[in-house]
Amino acid sequence: MATNRPGPRYQPTYCLEPKVPFDKFECERLMETVINEAMLGFQFEAEEAEVMSEKLSKEILQKVKNLTYDRYKFVCVVTLGEKYMQGYCDIFKCLWDMSKDSFAIYLYETATLFVSAVLFAVYFD
């Protein structure tokens, strides 16, 4: 018995490459611009840092989506922290296709705070 599911149905395209491939360097420049503008005059406070990291993540995602990369899904992780005699390490694990998936990283540092932004571009067929 066939079920009638609502929503669009897609036919296979048999296209194995994106029309507009992900450009890591263009995205890193975009992330640099967004973060540098947002951090002007920013002083670290825990509550403000949470709001700012969410704002930065959403703004980076929106600007990357406006670049019209086709066949990619994006995930942006922004960490904003206070520098106070400690170390910091980000670790991410995921399934990865080395030929199609990619990522971009931007690190921003001042004497009192750091911002780590990672943008994952996961190919979607």
# chains A, B, ... in the order shown; residues from 1 in each chain; ligands from 1
>>> select_by_dssp(residues="chain A", states="strand (DSSP E)", output="PyMOL selection string")
chain A and resi 72-82+102-109+113-123
>>> closest_atom_pairs(of="range 55-98 of chain A", to="range 25-32 of chain A", cutoff="8 Å", atoms="only C-alpha atoms", output="tab-separated table")
residue	atom	partner	partner_atom	distance
A:Ile60	CA	A:Met31	CA	6.3
A:Lys63	CA	A:Leu30	CA	7.8
A:Val64	CA	A:Cys27	CA	6.9
>>> atom_distance(atom1="CA of Phe42 in chain A", atom2="CA of Phe92 in chain A")
27.2 Å
>>> select_by_dssp(residues="range 22-93 of chain A", states="alpha helix (DSSP H)", output="VMD selection string")
chain A and resid 24 to 39 46 to 65
>>> closest_atom_pairs(of="range 1-70 of chain A", to="range 94-116 of chain A", cutoff="12 Å", atoms="only C-alpha atoms", output="tab-separated table")
residue	atom	partner	partner_atom	distance
A:Leu16	CA	A:Lys100	CA	9.6
A:Glu17	CA	A:Lys100	CA	8.2
A:Pro18	CA	A:Lys100	CA	8.9
A:Val20	CA	A:Lys100	CA	11.9
A:Pro21	CA	A:Lys100	CA	8.7
A:Phe22	CA	A:Ser102	CA	7.5
A:Asp23	CA	A:Ala104	CA	8.8
A:Lys24	CA	A:Ala104	CA	5.4
A:Phe25	CA	A:Ala104	CA	7.4
A:Glu26	CA	A:Ala104	CA	9.1
A:Cys27	CA	A:Ala104	CA	6.5
A:Glu28	CA	A:Ala104	CA	5.7
A:Arg29	CA	A:Tyr106	CA	8.5
A:Leu30	CA	A:Tyr106	CA	9.5
A:Met31	CA	A:Tyr106	CA	6.5
A:Glu32	CA	A:Tyr106	CA	6.4
A:Thr33	CA	A:Tyr106	CA	10.1
A:Val34	CA	A:Tyr106	CA	10.5
A:Ile35	CA	A:Tyr108	CA	7.6
A:Asn36	CA	A:Tyr108	CA	7.7
A:Glu37	CA	A:Tyr108	CA	11.3
A:Ala38	CA	A:Val115	CA	10.9
A:Met39	CA	A:Tyr108	CA	8.9
A:Leu40	CA	A:Thr110	CA	10.7
A:Gly41	CA	A:Thr110	CA	11.0
A:Phe42	CA	A:Leu113	CA	9.4
A:Gln43	CA	A:Thr112	CA	8.1
A:Phe44	CA	A:Leu113	CA	6.7
A:Glu45	CA	A:Leu113	CA	9.9
A:Ala46	CA	A:Leu113	CA	11.2
A:Ala49	CA	A:Val115	CA	9.8
A:Glu50	CA	A:Val115	CA	11.6
A:Met52	CA	A:Val115	CA	10.2
A:Ser53	CA	A:Val115	CA	8.4
A:Glu54	CA	A:Val115	CA	11.9
A:Leu56	CA	A:Val115	CA	10.0
A:Ser57	CA	A:Ser116	CA	10.6
A:Ile60	CA	A:Tyr106	CA	11.3
A:Val64	CA	A:Ala104	CA	11.1
>>> write_last_selection(atoms="N, CA, C and O atoms", output="short mmCIF file (atom, residue, chain, number, x, y, z; two decimals), in the first residue's frame")
data_model
loop_
_atom_site.label_atom_id
_atom_site.label_comp_id
_atom_site.auth_asym_id
_atom_site.auth_seq_id
_atom_site.Cartn_x
_atom_site.Cartn_y
_atom_site.Cartn_z
N LEU A 16 26.85 15.08 -9.61
CA LEU A 16 27.71 14.71 -8.49
C LEU A 16 28.60 15.85 -8.02
O LEU A 16 29.30 15.72 -7.02
N GLU A 17 28.60 16.95 -8.71
CA GLU A 17 29.43 18.10 -8.33
C GLU A 17 28.55 19.34 -8.18
O GLU A 17 27.59 19.51 -8.92
N PRO A 18 28.88 20.23 -7.24
CA PRO A 18 28.11 21.46 -7.11
C PRO A 18 28.40 22.42 -8.26
O PRO A 18 29.51 22.44 -8.80
N VAL A 20 28.30 25.71 -7.87
CA VAL A 20 29.13 26.73 -7.22
C VAL A 20 29.83 26.05 -6.04
O VAL A 20 29.25 25.88 -4.98
N PRO A 21 31.08 25.64 -6.21
CA PRO A 21 31.77 24.94 -5.12
C PRO A 21 32.09 25.87 -3.96
O PRO A 21 32.24 27.07 -4.13
N PHE A 22 32.19 25.30 -2.79
CA PHE A 22 32.48 26.04 -1.57
C PHE A 22 33.88 26.65 -1.65
O PHE A 22 34.84 25.98 -2.00
N ASP A 23 33.98 27.94 -1.35
CA ASP A 23 35.25 28.65 -1.36
C ASP A 23 35.65 28.98 0.08
O ASP A 23 35.11 29.91 0.69
N LYS A 24 36.57 28.22 0.61
CA LYS A 24 37.00 28.35 2.00
C LYS A 24 37.55 29.75 2.28
O LYS A 24 37.23 30.35 3.31
N PHE A 25 38.36 30.28 1.39
CA PHE A 25 39.01 31.57 1.63
C PHE A 25 38.02 32.73 1.60
O PHE A 25 38.13 33.67 2.37
N GLU A 26 37.04 32.66 0.73
CA GLU A 26 36.00 33.68 0.68
C GLU A 26 35.20 33.68 1.99
O GLU A 26 34.89 34.73 2.55
N CYS A 27 34.89 32.50 2.50
CA CYS A 27 34.14 32.40 3.75
C CYS A 27 34.97 32.86 4.94
O CYS A 27 34.44 33.49 5.85
N GLU A 28 36.26 32.57 4.94
CA GLU A 28 37.12 33.05 6.03
C GLU A 28 37.20 34.57 6.03
O GLU A 28 37.19 35.20 7.09
N ARG A 29 37.28 35.19 4.85
CA ARG A 29 37.28 36.67 4.78
C ARG A 29 35.95 37.23 5.28
O ARG A 29 35.92 38.23 5.98
N LEU A 30 34.85 36.58 4.91
CA LEU A 30 33.54 37.02 5.36
C LEU A 30 33.43 36.92 6.88
O LEU A 30 32.96 37.85 7.54
N MET A 31 33.90 35.80 7.45
CA MET A 31 33.87 35.62 8.90
C MET A 31 34.73 36.67 9.59
O MET A 31 34.34 37.22 10.63
N GLU A 32 35.88 36.96 9.03
CA GLU A 32 36.77 37.98 9.59
C GLU A 32 36.08 39.34 9.63
O GLU A 32 36.11 40.04 10.65
N THR A 33 35.41 39.72 8.55
CA THR A 33 34.72 41.00 8.48
C THR A 33 33.61 41.08 9.53
O THR A 33 33.51 42.06 10.26
N VAL A 34 32.79 40.05 9.60
CA VAL A 34 31.66 40.04 10.54
C VAL A 34 32.15 40.13 11.99
O VAL A 34 31.66 40.93 12.78
N ILE A 35 33.15 39.32 12.34
CA ILE A 35 33.63 39.27 13.72
C ILE A 35 34.37 40.55 14.10
O ILE A 35 34.16 41.11 15.18
N ASN A 36 35.23 41.05 13.21
CA ASN A 36 35.97 42.28 13.53
C ASN A 36 35.04 43.46 13.74
O ASN A 36 35.26 44.28 14.64
N GLU A 37 33.99 43.58 12.93
CA GLU A 37 33.02 44.67 13.11
C GLU A 37 32.26 44.53 14.42
O GLU A 37 32.03 45.51 15.13
N ALA A 38 31.87 43.31 14.76
CA ALA A 38 31.06 43.09 15.97
C ALA A 38 31.88 43.27 17.25
O ALA A 38 31.34 43.65 18.29
N MET A 39 33.17 42.98 17.20
CA MET A 39 33.99 43.02 18.41
C MET A 39 34.55 44.40 18.74
O MET A 39 35.15 44.58 19.80
N LEU A 40 34.33 45.39 17.87
CA LEU A 40 34.81 46.74 18.16
C LEU A 40 34.16 47.25 19.45
O LEU A 40 32.94 47.35 19.55
N GLY A 41 34.96 47.51 20.46
CA GLY A 41 34.47 48.03 21.72
C GLY A 41 33.77 47.03 22.61
O GLY A 41 33.19 47.41 23.63
N PHE A 42 33.79 45.76 22.27
CA PHE A 42 33.11 44.74 23.08
C PHE A 42 33.95 44.39 24.30
O PHE A 42 35.14 44.11 24.18
N GLN A 43 33.36 44.43 25.47
CA GLN A 43 34.01 44.02 26.71
C GLN A 43 33.36 42.73 27.17
O GLN A 43 32.13 42.60 27.16
N PHE A 44 34.17 41.77 27.61
CA PHE A 44 33.65 40.46 27.97
C PHE A 44 32.83 40.50 29.24
O PHE A 44 33.27 41.01 30.28
N GLU A 45 31.62 39.98 29.16
CA GLU A 45 30.75 39.68 30.29
C GLU A 45 30.04 38.39 29.90
O GLU A 45 29.60 38.23 28.76
N ALA A 46 29.88 37.48 30.84
CA ALA A 46 29.36 36.14 30.53
C ALA A 46 28.00 36.18 29.82
O ALA A 46 27.80 35.49 28.83
N ALA A 49 28.38 37.63 26.34
CA ALA A 49 29.13 36.73 25.46
C ALA A 49 28.22 35.68 24.84
O ALA A 49 28.35 35.34 23.66
N GLU A 50 27.29 35.17 25.62
CA GLU A 50 26.35 34.17 25.11
C GLU A 50 25.49 34.75 23.99
O GLU A 50 25.32 34.14 22.94
N MET A 52 26.19 37.45 22.18
CA MET A 52 27.04 37.85 21.07
C MET A 52 27.45 36.65 20.22
O MET A 52 27.46 36.72 18.99
N SER A 53 27.78 35.51 20.84
CA SER A 53 28.18 34.34 20.05
C SER A 53 27.02 33.82 19.21
O SER A 53 27.21 33.43 18.06
N GLU A 54 25.81 33.85 19.75
CA GLU A 54 24.64 33.44 18.97
C GLU A 54 24.39 34.41 17.82
O GLU A 54 24.11 34.00 16.69
N LEU A 56 26.62 36.34 16.30
CA LEU A 56 27.67 36.16 15.30
C LEU A 56 27.42 34.92 14.45
O LEU A 56 27.58 34.96 13.22
N SER A 57 27.03 33.82 15.08
CA SER A 57 26.76 32.59 14.36
C SER A 57 25.63 32.78 13.34
O SER A 57 25.76 32.38 12.18
N ILE A 60 26.85 35.12 10.42
CA ILE A 60 27.76 34.43 9.51
C ILE A 60 26.98 33.46 8.62
O ILE A 60 27.18 33.43 7.40
N VAL A 64 26.75 33.71 4.53
CA VAL A 64 27.25 32.60 3.71
C VAL A 64 26.14 32.07 2.81
O VAL A 64 26.37 31.76 1.65
#
